[in-house]
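Colleague: As input, take query_37.json (JSON, C-alpha atoms and all ligand atoms):
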[["chain", "number", "residue", "atom", "x", "y", "z"],
["A", 1, "MET", "CA", 112.03, 51.38, 154.18],
["A", 2, "LYS", "CA", 111.21, 52.60, 150.72],
["A", 3, "VAL", "CA", 112.06, 55.68, 148.65],
["A", 4, "SER", "CA", 110.52, 56.94, 145.37],
["A", 5, "TYR", "CA", 111.92, 59.26, 142.73],
["A", 6, "LYS", "CA", 110.11, 60.97, 139.86],
["A", 7, "VAL", "CA", 112.28, 61.22, 136.75],
["A", 8, "PRO", "CA", 111.62, 63.02, 133.46],
["A", 9, "ALA", "CA", 111.76, 61.63, 129.93],
["A", 10, "THR", "CA", 114.57, 62.89, 127.71],
["A", 11, "THR", "CA", 115.25, 63.39, 124.04],
["A", 12, "ALA", "CA", 118.87, 62.88, 123.07],
["A", 13, "ASN", "CA", 121.14, 63.91, 120.17],
["A", 14, "LEU", "CA", 119.05, 66.82, 118.77],
["A", 15, "GLY", "CA", 120.52, 66.03, 115.36],
["A", 16, "PRO", "CA", 124.29, 66.59, 115.43],
["A", 17, "GLY", "CA", 124.81, 66.09, 119.19],
["A", 18, "PHE", "CA", 125.10, 62.30, 118.97],
["A", 19, "ASP", "CA", 125.72, 60.82, 122.44],
["A", 20, "CYS", "CA", 126.38, 64.23, 124.01],
["A", 21, "LEU", "CA", 123.27, 66.47, 123.92],
["A", 22, "GLY", "CA", 119.96, 65.84, 125.58],
["A", 23, "LEU", "CA", 117.02, 67.64, 127.13],
["A", 24, "ALA", "CA", 114.41, 66.72, 129.71],
["A", 25, "LEU", "CA", 110.71, 66.56, 128.81],
["A", 26, "PRO", "CA", 107.61, 66.75, 131.03],
["A", 27, "ILE", "CA", 106.65, 63.06, 130.95],
["A", 28, "TYR", "CA", 107.64, 61.08, 134.05],
["A", 29, "ASN", "CA", 108.36, 57.70, 135.54],
["A", 30, "ILE", "CA", 108.19, 57.06, 139.26],
["A", 31, "ILE", "CA", 110.67, 54.52, 140.56],
["A", 32, "THR", "CA", 110.42, 53.11, 144.07],
["A", 33, "ILE", "CA", 113.12, 51.05, 145.73],
["A", 34, "GLU", "CA", 112.14, 49.10, 148.80],
["A", 35, "GLU", "CA", 114.52, 47.22, 151.02],
["A", 36, "THR", "CA", 112.58, 44.14, 152.00],
["A", 37, "VAL", "CA", 112.92, 43.17, 155.64],
["A", 38, "MET", "CA", 112.20, 39.49, 155.20],
["A", 39, "PRO", "CA", 115.41, 37.57, 154.48],
["A", 40, "SER", "CA", 115.69, 35.45, 151.33],
["A", 41, "THR", "CA", 112.90, 37.23, 149.47],
["A", 42, "GLY", "CA", 115.26, 37.94, 146.60],
["A", 43, "ILE", "CA", 114.67, 40.59, 143.98],
["A", 44, "GLU", "CA", 111.30, 41.71, 142.74],
["A", 45, "VAL", "CA", 110.70, 44.04, 139.79],
["A", 46, "ASN", "CA", 107.20, 45.35, 139.02],
["A", 47, "VAL", "CA", 106.34, 47.63, 136.12],
["A", 48, "MET", "CA", 103.03, 49.48, 136.00],
["A", 49, "LYS", "CA", 102.25, 50.78, 132.53],
["A", 50, "ASP", "CA", 100.67, 54.17, 132.57],
["A", 51, "PHE", "CA", 100.68, 55.41, 128.97],
["A", 52, "GLU", "CA", 98.47, 55.20, 125.93],
["A", 53, "ASN", "CA", 98.44, 51.80, 124.21],
["A", 54, "ALA", "CA", 100.62, 50.39, 126.96],
["A", 55, "GLU", "CA", 99.00, 47.00, 126.58],
["A", 56, "LEU", "CA", 100.50, 46.79, 123.09],
["A", 57, "ILE", "CA", 104.06, 47.26, 124.25],
["A", 58, "GLU", "CA", 105.63, 43.85, 124.05],
["A", 59, "GLU", "CA", 108.92, 45.19, 125.30],
["A", 60, "LEU", "CA", 107.40, 45.52, 128.77],
["A", 61, "ASP", "CA", 106.80, 41.84, 129.03],
["A", 62, "SER", "CA", 110.42, 41.15, 128.22],
["A", 63, "ILE", "CA", 111.78, 43.43, 130.94],
["A", 64, "PRO", "CA", 113.92, 41.15, 133.12],
["A", 65, "ASN", "CA", 112.62, 40.88, 136.68],
["A", 66, "ASP", "CA", 115.82, 39.50, 138.13],
["A", 67, "LYS", "CA", 119.47, 40.52, 138.45],
["A", 68, "ASP", "CA", 119.58, 41.26, 134.71],
["A", 69, "ASN", "CA", 117.21, 44.18, 135.17],
["A", 70, "ILE", "CA", 118.97, 47.48, 134.30],
["A", 71, "VAL", "CA", 117.68, 49.21, 137.41],
["A", 72, "TYR", "CA", 118.97, 46.39, 139.58],
["A", 73, "LYS", "CA", 122.35, 46.54, 137.84],
["A", 74, "ALA", "CA", 122.67, 50.29, 138.46],
["A", 75, "VAL", "CA", 121.58, 49.88, 142.09],
["A", 76, "GLU", "CA", 124.09, 47.05, 142.50],
["A", 77, "MET", "CA", 126.90, 49.30, 141.22],
["A", 78, "LEU", "CA", 126.04, 51.83, 143.90],
["A", 79, "TYR", "CA", 125.79, 49.26, 146.71],
["A", 80, "ASN", "CA", 129.11, 47.76, 145.62],
["A", 81, "LEU", "CA", 130.69, 51.21, 145.81],
["A", 82, "VAL", "CA", 129.94, 51.26, 149.53],
["A", 83, "GLY", "CA", 130.89, 47.60, 150.00],
["A", 84, "GLN", "CA", 127.33, 46.27, 150.23],
["A", 85, "ASP", "CA", 125.17, 43.92, 148.23],
["A", 86, "PRO", "CA", 121.52, 44.64, 147.36],
["A", 87, "SER", "CA", 120.46, 41.07, 147.89],
["A", 88, "GLU", "CA", 116.84, 41.74, 148.79],
["A", 89, "ILE", "CA", 115.16, 44.67, 147.14],
["A", 90, "LYS", "CA", 111.86, 45.42, 145.48],
["A", 91, "ILE", "CA", 111.84, 47.74, 142.45],
["A", 92, "ASN", "CA", 108.50, 49.31, 141.47],
["A", 93, "ILE", "CA", 108.28, 51.32, 138.26],
["A", 94, "LYS", "CA", 105.26, 53.43, 137.38],
["A", 95, "SER", "CA", 105.97, 54.07, 133.73],
["A", 96, "SER", "CA", 104.38, 56.99, 131.89],
["A", 97, "ILE", "CA", 107.34, 57.31, 129.51],
["A", 98, "PRO", "CA", 106.61, 55.11, 126.50],
["A", 99, "ILE", "CA", 109.11, 52.27, 126.26],
["A", 100, "ALA", "CA", 111.42, 51.69, 123.26],
["A", 101, "LYS", "CA", 110.36, 54.98, 121.65],
["A", 102, "GLY", "CA", 113.59, 57.01, 121.96],
["A", 103, "LEU", "CA", 112.36, 59.04, 124.93],
["A", 104, "GLY", "CA", 114.83, 57.93, 127.58],
["A", 105, "SER", "CA", 112.68, 55.40, 129.45],
["A", 106, "SER", "CA", 115.70, 53.27, 130.36],
["A", 107, "ALA", "CA", 117.67, 56.33, 131.47],
["A", 108, "ALA", "CA", 114.75, 57.40, 133.67],
["A", 109, "VAL", "CA", 114.49, 54.06, 135.46],
["A", 110, "ILE", "CA", 118.28, 53.81, 135.91],
["A", 111, "VAL", "CA", 118.40, 57.33, 137.37],
["A", 112, "GLY", "CA", 115.32, 56.81, 139.56],
["A", 113, "GLY", "CA", 116.61, 53.48, 140.89],
["A", 114, "LEU", "CA", 120.05, 54.90, 141.61],
["A", 115, "MET", "CA", 118.82, 58.01, 143.37],
["A", 116, "ALA", "CA", 116.29, 56.12, 145.46],
["A", 117, "ALA", "CA", 118.93, 53.54, 146.45],
["A", 118, "ASN", "CA", 121.37, 56.33, 147.28],
["A", 119, "ASP", "CA", 118.78, 57.83, 149.60],
["A", 120, "LEU", "CA", 118.18, 54.47, 151.28],
["A", 121, "LEU", "CA", 121.93, 54.13, 151.86],
["A", 122, "GLY", "CA", 122.21, 57.59, 153.46],
["A", 123, "ASN", "CA", 123.44, 59.39, 150.31],
["A", 124, "PRO", "CA", 127.00, 58.03, 150.02],
["A", 125, "ALA", "CA", 127.22, 59.06, 146.34],
["A", 126, "ASP", "CA", 127.51, 62.74, 145.44],
["A", 127, "GLU", "CA", 126.27, 64.20, 142.15],
["A", 128, "ALA", "CA", 129.52, 63.37, 140.32],
["A", 129, "ALA", "CA", 129.38, 59.72, 141.43],
["A", 130, "LEU", "CA", 125.70, 59.41, 140.47],
["A", 131, "LEU", "CA", 126.41, 60.88, 137.02],
["A", 132, "SER", "CA", 129.27, 58.42, 136.48],
["A", 133, "ILE", "CA", 127.35, 55.34, 137.63],
["A", 134, "ALA", "CA", 124.25, 56.28, 135.64],
["A", 135, "THR", "CA", 126.34, 56.92, 132.52],
["A", 136, "GLU", "CA", 128.21, 53.65, 132.89],
["A", 137, "ALA", "CA", 124.94, 51.77, 133.36],
["A", 138, "GLU", "CA", 123.34, 53.40, 130.31],
["A", 139, "GLY", "CA", 126.45, 53.43, 128.11],
["A", 140, "HIS", "CA", 126.27, 57.12, 127.14],
["A", 141, "PRO", "CA", 125.52, 60.30, 129.09],
["A", 142, "ASP", "CA", 123.06, 62.19, 126.87],
["A", 143, "ASN", "CA", 119.83, 60.85, 128.45],
["A", 144, "VAL", "CA", 120.86, 60.17, 132.05],
["A", 145, "VAL", "CA", 122.49, 63.58, 132.63],
["A", 146, "PRO", "CA", 119.39, 65.69, 131.75],
["A", 147, "ALA", "CA", 117.23, 63.09, 133.53],
["A", 148, "ILE", "CA", 119.22, 63.81, 136.72],
["A", 149, "LEU", "CA", 119.63, 67.56, 136.24],
["A", 150, "GLY", "CA", 116.70, 68.67, 134.07],
["A", 151, "GLY", "CA", 116.93, 71.16, 131.19],
["A", 152, "LEU", "CA", 119.16, 70.98, 128.14],
["A", 153, "VAL", "CA", 122.59, 69.60, 128.89],
["A", 154, "MET", "CA", 125.72, 68.80, 126.92],
["A", 155, "SER", "CA", 127.82, 66.12, 128.49],
["A", 156, "SER", "CA", 130.86, 63.97, 128.00],
["A", 157, "MET", "CA", 132.07, 60.82, 129.72],
["A", 158, "GLU", "CA", 135.82, 61.09, 130.21],
["A", 159, "ASP", "CA", 138.32, 58.23, 130.06],
["A", 160, "ASP", "CA", 138.45, 58.03, 133.87],
["A", 161, "GLY", "CA", 134.67, 57.59, 134.01],
["A", 162, "SER", "CA", 133.91, 61.09, 135.23],
["A", 163, "VAL", "CA", 131.23, 63.13, 133.49],
["A", 164, "ILE", "CA", 131.71, 66.73, 132.41],
["A", 165, "TYR", "CA", 128.54, 68.68, 131.68],
["A", 166, "ARG", "CA", 127.31, 72.18, 130.99],
["A", 167, "ARG", "CA", 123.73, 73.41, 130.84],
["A", 168, "LEU", "CA", 122.30, 75.49, 128.02],
["A", 169, "ASP", "CA", 119.11, 77.56, 128.23],
["A", 170, "TRP", "CA", 116.50, 76.45, 125.73],
["A", 171, "PRO", "CA", 114.92, 79.47, 124.00],
["A", 172, "GLU", "CA", 111.46, 80.01, 125.54],
["A", 173, "ASP", "CA", 109.59, 80.39, 122.24],
["A", 174, "TRP", "CA", 111.09, 77.40, 120.45],
["A", 175, "HIS", "CA", 108.55, 74.59, 120.51],
["A", 176, "ILE", "CA", 109.41, 70.91, 120.76],
["A", 177, "THR", "CA", 106.89, 68.66, 119.05],
["A", 178, "VAL", "CA", 107.39, 65.01, 119.92],
["A", 179, "CYS", "CA", 105.83, 62.55, 117.47],
["A", 180, "ILE", "CA", 105.59, 59.04, 118.91],
["A", 181, "PRO", "CA", 104.74, 56.29, 116.41],
["A", 182, "ASP", "CA", 103.02, 53.05, 117.38],
["A", 183, "PHE", "CA", 106.04, 50.91, 116.51],
["A", 184, "GLU", "CA", 108.99, 50.21, 118.78],
["A", 185, "LEU", "CA", 112.71, 50.38, 118.17],
["A", 186, "ALA", "CA", 115.10, 48.95, 120.73],
["A", 187, "THR", "CA", 118.18, 51.11, 121.30],
["A", 188, "ASN", "CA", 120.56, 48.17, 120.80],
["A", 189, "ILE", "CA", 119.10, 47.52, 117.35],
["A", 190, "SER", "CA", 119.27, 51.20, 116.47],
["A", 191, "ARG", "CA", 122.91, 51.33, 117.58],
["A", 192, "SER", "CA", 123.78, 48.13, 115.75],
["A", 193, "VAL", "CA", 123.27, 49.79, 112.34],
["A", 194, "LEU", "CA", 125.86, 52.48, 113.07],
["A", 195, "PRO", "CA", 129.30, 52.03, 111.49],
["A", 196, "GLU", "CA", 132.48, 51.60, 113.56],
["A", 197, "LYS", "CA", 134.17, 54.37, 111.58],
["A", 198, "VAL", "CA", 132.80, 57.35, 109.66],
["A", 199, "PRO", "CA", 134.31, 59.35, 106.79],
["A", 200, "MET", "CA", 136.35, 62.39, 107.86],
["A", 201, "GLU", "CA", 134.01, 64.61, 105.80],
["A", 202, "ASP", "CA", 131.06, 63.47, 107.90],
["A", 203, "ALA", "CA", 132.93, 63.99, 111.16],
["A", 204, "LYS", "CA", 133.82, 67.53, 110.04],
["A", 205, "PHE", "CA", 130.21, 68.14, 108.97],
["A", 206, "ASN", "CA", 128.92, 67.20, 112.45],
["A", 207, "ALA", "CA", 131.60, 69.18, 114.29],
["A", 208, "ARG", "CA", 130.50, 72.28, 112.34],
["A", 209, "ARG", "CA", 126.79, 71.64, 112.97],
["A", 210, "LEU", "CA", 127.24, 71.05, 116.69],
["A", 211, "ALA", "CA", 129.26, 74.26, 117.08],
["A", 212, "MET", "CA", 126.50, 76.11, 115.19],
["A", 213, "LEU", "CA", 123.79, 74.48, 117.27],
["A", 214, "VAL", "CA", 125.30, 75.51, 120.61],
["A", 215, "HIS", "CA", 125.75, 79.09, 119.38],
["A", 216, "ALA", "CA", 122.26, 79.18, 117.85],
["A", 217, "ILE", "CA", 120.69, 78.10, 121.15],
["A", 218, "ASP", "CA", 122.86, 80.51, 123.12],
["A", 219, "THR", "CA", 121.97, 83.49, 120.96],
["A", 220, "VAL", "CA", 118.42, 82.37, 120.02],
["A", 221, "ASP", "CA", 119.42, 82.48, 116.34],
["A", 222, "ALA", "CA", 116.63, 80.66, 114.47],
["A", 223, "LYS", "CA", 118.33, 81.03, 111.09],
["A", 224, "LEU", "CA", 121.52, 79.41, 112.33],
["A", 225, "MET", "CA", 119.51, 76.70, 114.13],
["A", 226, "LYS", "CA", 117.92, 75.76, 110.83],
["A", 227, "SER", "CA", 121.35, 74.92, 109.40],
["A", 228, "ALA", "CA", 122.57, 73.40, 112.65],
["A", 229, "LEU", "CA", 119.94, 70.65, 113.05],
["A", 230, "GLU", "CA", 121.58, 68.38, 110.48],
["A", 231, "ASP", "CA", 123.53, 65.23, 111.14],
["A", 232, "ARG", "CA", 125.65, 62.69, 109.31],
["A", 233, "LEU", "CA", 126.79, 60.46, 112.17],
["A", 234, "HIS", "CA", 123.66, 58.51, 113.05],
["A", 235, "GLN", "CA", 120.45, 59.60, 111.30],
["A", 236, "PRO", "CA", 121.43, 58.56, 107.76],
["A", 237, "TYR", "CA", 122.04, 55.01, 109.06],
["A", 238, "ARG", "CA", 118.88, 54.93, 111.15],
["A", 239, "GLU", "CA", 116.46, 56.35, 108.57],
["A", 240, "LYS", "CA", 115.56, 52.87, 107.36],
["A", 241, "LEU", "CA", 114.49, 51.90, 110.88],
["A", 242, "VAL", "CA", 112.17, 54.91, 111.18],
["A", 243, "PRO", "CA", 109.73, 54.75, 108.26],
["A", 244, "GLY", "CA", 108.35, 58.18, 107.47],
["A", 245, "PHE", "CA", 111.22, 60.15, 109.00],
["A", 246, "LYS", "CA", 112.74, 61.15, 105.66],
["A", 247, "GLU", "CA", 109.35, 62.12, 104.24],
["A", 248, "ILE", "CA", 108.33, 64.16, 107.30],
["A", 249, "LYS", "CA", 111.70, 65.95, 107.32],
["A", 250, "GLU", "CA", 111.45, 66.68, 103.63],
["A", 251, "ALA", "CA", 107.82, 67.87, 103.85],
["A", 252, "LEU", "CA", 108.65, 70.29, 106.67],
["A", 253, "LYS", "CA", 111.97, 71.50, 105.24],
["A", 254, "HIS", "CA", 110.58, 74.62, 103.64],
["A", 255, "GLU", "CA", 107.80, 75.17, 106.14],
["A", 256, "GLU", "CA", 108.14, 78.63, 107.62],
["A", 257, "ASN", "CA", 109.10, 78.57, 111.29],
["A", 258, "VAL", "CA", 110.13, 74.92, 111.32],
["A", 259, "LEU", "CA", 113.77, 74.90, 112.43],
["A", 260, "GLY", "CA", 114.39, 71.20, 111.96],
["A", 261, "THR", "CA", 113.22, 67.59, 112.18],
["A", 262, "VAL", "CA", 115.35, 65.02, 114.00],
["A", 263, "ILE", "CA", 115.14, 61.48, 115.32],
["A", 264, "SER", "CA", 114.63, 61.48, 119.10],
["A", 265, "GLY", "CA", 117.53, 59.58, 120.64],
["A", 266, "ALA", "CA", 117.80, 56.18, 119.00],
["A", 267, "GLY", "CA", 114.26, 56.54, 117.59],
["A", 268, "PRO", "CA", 111.64, 55.82, 116.51],
["A", 269, "SER", "CA", 110.05, 59.04, 117.86],
["A", 270, "ILE", "CA", 110.64, 62.18, 115.82],
["A", 271, "VAL", "CA", 111.20, 65.65, 117.27],
["A", 272, "ILE", "CA", 110.33, 68.80, 115.36],
["A", 273, "ILE", "CA", 111.70, 72.13, 116.54],
["A", 274, "SER", "CA", 109.69, 75.17, 115.53],
["A", 275, "GLN", "CA", 108.90, 78.70, 116.52],
["A", 276, "LYS", "CA", 105.70, 80.71, 116.42],
["A", 277, "ASN", "CA", 102.37, 79.25, 115.47],
["A", 278, "ASN", "CA", 102.41, 76.54, 112.88],
["A", 279, "ILE", "CA", 101.82, 73.58, 115.15],
["A", 280, "GLU", "CA", 98.64, 72.60, 113.30],
["A", 281, "LYS", "CA", 100.54, 72.32, 110.03],
["A", 282, "ILE", "CA", 103.21, 70.18, 111.70],
["A", 283, "TYR", "CA", 100.61, 67.80, 113.19],
["A", 284, "GLN", "CA", 98.84, 67.52, 109.84],
["A", 285, "THR", "CA", 102.06, 66.76, 107.95],
["A", 286, "VAL", "CA", 103.20, 64.09, 110.39],
["A", 287, "LYS", "CA", 99.78, 62.45, 110.48],
["A", 288, "GLU", "CA", 99.52, 62.44, 106.68],
["A", 289, "VAL", "CA", 102.91, 60.79, 106.18],
["A", 290, "TRP", "CA", 102.38, 58.19, 108.88],
["A", 291, "ASP", "CA", 98.74, 57.54, 107.87],
["A", 292, "ASN", "CA", 100.03, 56.60, 104.42],
["A", 293, "LEU", "CA", 102.34, 54.08, 106.05],
["A", 294, "ASN", "CA", 99.60, 52.77, 108.37],
["A", 295, "VAL", "CA", 101.38, 54.12, 111.41],
["A", 296, "HIS", "CA", 99.32, 55.52, 114.26],
["A", 297, "CYS", "CA", 100.92, 58.19, 116.37],
["A", 298, "ASP", "CA", 100.69, 60.31, 119.46],
["A", 299, "ILE", "CA", 101.89, 63.89, 118.89],
["A", 300, "ARG", "CA", 102.59, 66.30, 121.74],
["A", 301, "THR", "CA", 104.08, 69.79, 121.79],
["A", 302, "LEU", "CA", 106.05, 70.07, 125.00],
["A", 303, "THR", "CA", 108.18, 72.51, 126.94],
["A", 304, "VAL", "CA", 111.59, 71.65, 128.35],
["A", 305, "GLU", "CA", 111.36, 70.22, 131.87],
["A", 306, "LYS", "CA", 113.79, 72.37, 133.84],
["A", 307, "CYS", "CA", 113.78, 70.10, 136.91],
["A", 308, "GLY", "CA", 115.57, 66.81, 137.00],
["A", 309, "ALA", "CA", 114.89, 63.75, 139.14],
["A", 310, "SER", "CA", 113.18, 64.61, 142.42],
["A", 311, "LYS", "CA", 112.22, 62.66, 145.52],
["A", 312, "VAL", "CA", 108.55, 61.89, 145.93],
["A", 313, "GLU", "CA", 107.69, 62.73, 149.55],
["A", 401, "LIG", "N1", 122.60, 58.86, 121.95],
["A", 401, "LIG", "C1", 121.90, 57.63, 122.05],
["A", 401, "LIG", "C2", 121.73, 57.03, 120.66],
["A", 401, "LIG", "C3", 120.57, 57.84, 122.68],
["A", 401, "LIG", "O1", 121.45, 57.80, 119.75],
["A", 401, "LIG", "O2", 121.88, 55.83, 120.50],
["A", 401, "LIG", "C4", 119.81, 56.55, 122.84],
["A", 401, "LIG", "O3", 119.26, 56.45, 124.06]]
Just give me the structure of the file as structure tokens.
Ligand code: HSE

Modeller:
Amino acid sequence: MKVSYKVPATTANLGPGFDCLGLALPIYNIITIEETVMPSTGIEVNVMKDFENAELIEELDSIPNDKDNIVYKAVEMLYNLVGQDPSEIKINIKSSIPIAKGLGSSAAVIVGGLMAANDLLGNPADEAALLSIATEAEGHPDNVVPAILGGLVMSSMEDDGSVIYRRLDWPEDWHITVCIPDFELATNISRSVLPEKVPMEDAKFNARRLAMLVHAIDTVDAKLMKSALEDRLHQPYREKLVPGFKEIKEALKHEENVLGTVISGAGPSIVIISQKNNIEKIYQTVKEVWDNLNVHCDIRTLTVEKCGASKVE
């Protein structure tokens, strides 16, 4: 028996929404879980790279293909919940989401593995349980929740492990330009540069921005959004790991119709939010800055994927 799920990429944080805001994007991974019938076959993990320059992604070769694999770990949590052990399973990942680029590739495979395993087990876990397990496996909810549900979602993992979320409607004419550089940044490295504690002024700054951001999205207020897309909790610490980010942000700051430039998740991809037609100018600016730093990039203007993980029939 095998089951496959298609799961979207996600961009998390959107500036001030560190570890709580994320939206789904139309780039997908397909994760298949197969219960092998032969006893003692153990665990098998196969990853098929299906994105540009995939052969250059070293990270893929270091993906564990045993019980240390994140998909296996998430699947194991689910099996344990129903008193079983996934001793013999095959995990196949068809990966179109670039890896280690801040686009939720790990969240997608965790979610796909979990949902496929849940199906194989007869759906013992409801949505709330899946959200909790996926969040625990990933460590924060902002990628896994929109990967499961689709759209733009704000979420919080509570002390008891439950996940509270609310959806927001992304304004139809706000464009999301995702700029993916040819260098990688592992999330654990990007999180390791963050301080344990932040100054109260910075915490207050982000609380204000996040409140503005939610209202700006809700009321499609571009002017407010322009002030809202600022952050002091993670981007200032991560700038040094994303060469070109500061320069691109600065170059687009006064560009008409650009609402903001943020690091996508833990980086290194950069997301530019804009409205109306100045996409050409955005592409040109990003390319110029990264060209000067010898960075090649893939730039795509995308819509929000409103659907979350779905079963592949
Ligand atoms: N909120 C997370 C971070 C997203 O910024 O580290 C990474 O996947």

Colleague: Might you pull out every residue within 7 Å of A:Val178, with all atoms listed in the file counted and same-chain residues fewer than 5 positions away left off, and present them as JSON, numbers by chain?

Modeller: {"A": [269, 270, 271, 272, 299, 300, 301]}

Colleague: Mind pulling up the distance from atom CA of A:Lys287 to atom CA of A:Gly244?

Modeller: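 Separating atom CA of A:Gly244 from atom CA of A:Lys287 is a distance of 10.0 Å.
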
Colleague: Could you please extract the residues within 10 Å of ligand LIG 401 (chain A), counting all atoms listed in the file, and hand them back as a VMD selection string?

Modeller: chain A and resid 10 to 15 17 to 22 100 to 107 138 to 144 186 to 192 194 233 to 235 238 263 to 267

Colleague: Per residue of stretch 179-216 of chain A within 10 Å of stretch 159-172 of chain A, note the shortest atom pair and the distance in Å to one decimal, counting all atoms listed in the file, and order the rows by chain and increasing residue number, as CSV.

Modeller:
residue,atom,partner,partner_atom,distance
A:Val214,CA,A:Leu168,CA,8.0
A:His215,CA,A:Leu168,CA,10.0
A:Ala216,CA,A:Pro171,CA,9.6

Colleague: What is the atom CA of A:Ile30-atom CA of A:Lys94 distance in Å, reported with one decimal?

Modeller: 5.0 Å

Colleague: Considering all atoms listed in the file, can you say which of A:Ile70, A:Asp221, A:Ile43, A:Lys197 comes closest to A:Glu88?

Modeller: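 Closest to A:Glu88, using all atoms listed in the file: A:Ile43.
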
Colleague: Just the number, please: distance in Å from atom CA of A:Met212 to atom CA of A:Leu224, one decimal.

Modeller: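 About the pair atom CA of A:Met212 and atom CA of A:Leu224: they are 6.6 Å apart.
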
Colleague: Counting only C-alpha atoms, find residues at most 6 Å from (107.5, 72.0, 118.2) (file frame) and give them as a PyMOL selection string.

Modeller: chain A and resi 175-177+272-274+301

Colleague: Which residue out of A:Ile148, A:Ile89, A:Cys179, A:Met200 has the minimum interatomic distance to A:Met115 when all atoms listed in the file are used?

Modeller: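 When distances to A:Met115 are compared using all atoms listed in the file, the smallest one comes from A:Ile148.
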
Colleague: Skip stretch 288-292 of chain A itself and residues of its chain fewer than 5 positions away, then list as a list of chain:residue names all residues within 9 Å of it, counting all atoms listed in the file.

Modeller: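 Everything that qualifies: A:Pro181, A:Pro243, A:Gly244, A:Phe245, A:Glu247, A:Ile248, A:Ala251, A:Tyr283, A:Cys297.
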
Colleague: Pick out the closest residue to A:Leu114 from this set: A:Leu81, A:Ala222, A:Leu25, A:Ile133. Count all atoms listed in the file.

Modeller: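 For A:Leu114, the nearest of the given residues is A:Ile133.
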
Colleague: With all atoms listed in the file as the atoms that count, which of A:Asp66, A:Glu250, A:Asp182, A:Glu196 lies nearest to A:Leu293?

Modeller: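 Ranked by minimum distance to A:Leu293, first place goes to A:Asp182.
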
Colleague: Between A:Leu302, A:Cys307, A:Leu121, A:Met1, which residue has the minimum interatomic distance to A:Ala147, considering only C-alpha atoms?

Modeller: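 Smallest separation from A:Ala147 among the options: A:Cys307.
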
Colleague: Please provide the set of residues having any atom within 6 Å of A:Lys6, restricted to all atoms listed in the file, with same-chain residues fewer than 5 positions apart removed, written as a PyMOL selection string.

Modeller: chain A and resi 29-30+309-310

Colleague: Hey, which of A:Ala117, A:Ile97, A:Ala137, A:Ala207 ends up closest to A:Gln84? Count only C-alpha atoms.

Modeller: A:Ala117

Colleague: Can you tell me, as a ChimeraX atom specification, which residues sit within 10 Å of (98.7, 50.3, 139.9) in the file's frame, using all atoms listed in the file?

Modeller: /A:46-50,92-94
